[in-house]
Amino acid sequence: MRKNLPSPCNIAHIAEHAGVSKRTLETRFQESLQSSPHEYLTTLRVQHAQTLIRSPENKLTLRQAAAACGFMTIRTFYAAYKRVTGESLDSSRFAKDA
């Protein structure tokens, strides 16, 4: 999952790759991580975006960082960021334009 953050998530494909059913994959994620595969992927994407945004050598806008992490729109990124971190994404805090 980490290697394919920008790619669209297809839980059935991930389950097939892992050699289990979609339901088994979802159950194992819930048991191990207390999260669904989609929630886990969203968390990974937000964490990677945070790294990109906060990196001193980063030249990406928030929109570019969001796209690089697999978010299709900046709105989706903002909503996911707030859901994962509990904080609203204040673009002025990072001195980058969305």
# chains A, B, ... in the order shown; residues from 1 in each chain; ligands from 1
>>> residues_around(residues="range 2-13 of chain A", least_positions_apart="2", cutoff="6 Å", atoms="only C-alpha atoms", output="NGL selection string")
:A and (15-16 or 22 or 68-70)
>>> residues_around(residues="Glu26 in chain A", least_positions_apart="4", cutoff="7 Å", atoms="only C-alpha atoms", output="PyMOL selection string")
chain A and resi 22+30+36-37
>>> select_by_dssp(residues="chain A", states="helix (DSSP H, G or I)", output="PyMOL selection string")
chain A and resi 2-4+11-18+22-33+37-54+62-68+74-85+91-94
>>> residues_around(residues="Tyr81 in chain A", least_positions_apart="5", cutoff="10 Å", atoms="only C-alpha atoms", output="PyMOL selection string")
chain A and resi 42-43+45-47+49-50+66+75-76+86-89
>>> write_last_selection(atoms="N, CA and C atoms", output="mmCIF file, in the first residue's frame")
data_model
loop_
_atom_site.group_PDB
_atom_site.id
_atom_site.type_symbol
_atom_site.label_atom_id
_atom_site.label_comp_id
_atom_site.auth_asym_id
_atom_site.auth_seq_id
_atom_site.Cartn_x
_atom_site.Cartn_y
_atom_site.Cartn_z
ATOM 1 N N THR A 42 -5.963 5.823 3.760
ATOM 2 C CA THR A 42 -6.156 7.270 3.921
ATOM 3 C C THR A 42 -5.190 7.825 4.960
ATOM 4 N N THR A 43 -5.005 7.111 6.060
ATOM 5 C CA THR A 43 -4.061 7.540 7.099
ATOM 6 C C THR A 43 -2.638 7.588 6.547
ATOM 7 N N ARG A 45 -1.769 8.041 3.461
ATOM 8 C CA ARG A 45 -1.702 9.160 2.516
ATOM 9 C C ARG A 45 -1.565 10.490 3.244
ATOM 10 N N VAL A 46 -2.339 10.681 4.307
ATOM 11 C CA VAL A 46 -2.264 11.932 5.072
ATOM 12 C C VAL A 46 -0.887 12.067 5.724
ATOM 13 N N GLN A 47 -0.380 10.995 6.297
ATOM 14 C CA GLN A 47 0.946 11.049 6.928
ATOM 15 C C GLN A 47 2.029 11.396 5.899
ATOM 16 N N ALA A 49 1.564 13.047 3.101
ATOM 17 C CA ALA A 49 1.340 14.452 2.728
ATOM 18 C C ALA A 49 1.926 15.382 3.785
ATOM 19 N N GLN A 50 1.756 15.050 5.053
ATOM 20 C CA GLN A 50 2.339 15.865 6.127
ATOM 21 C C GLN A 50 3.851 15.941 5.967
ATOM 22 N N ALA A 66 -1.119 16.924 -2.208
ATOM 23 C CA ALA A 66 -2.312 16.075 -2.095
ATOM 24 C C ALA A 66 -2.389 15.112 -3.281
ATOM 25 N N ARG A 75 -10.320 19.283 -1.791
ATOM 26 C CA ARG A 75 -11.389 19.145 -0.790
ATOM 27 C C ARG A 75 -11.323 17.794 -0.094
ATOM 28 N N THR A 76 -11.102 16.742 -0.878
ATOM 29 C CA THR A 76 -10.979 15.399 -0.316
ATOM 30 C C THR A 76 -9.787 15.345 0.632
ATOM 31 N N GLY A 86 -7.444 15.265 13.295
ATOM 32 C CA GLY A 86 -8.281 15.988 14.247
ATOM 33 C C GLY A 86 -8.089 17.492 14.166
ATOM 34 N N GLU A 87 -7.247 17.935 13.257
ATOM 35 C CA GLU A 87 -6.971 19.364 13.070
ATOM 36 C C GLU A 87 -7.429 19.792 11.684
ATOM 37 N N SER A 88 -7.787 21.066 11.566
ATOM 38 C CA SER A 88 -8.103 21.551 10.233
ATOM 39 C C SER A 88 -6.792 21.955 9.568
ATOM 40 N N LEU A 89 -6.749 21.815 8.277
ATOM 41 C CA LEU A 89 -5.534 22.111 7.529
ATOM 42 C C LEU A 89 -5.536 23.590 7.189
#
>>> atom_distance(atom1="CA of Thr61 in chain A", atom2="CA of Phe77 in chain A")
12.6 Å
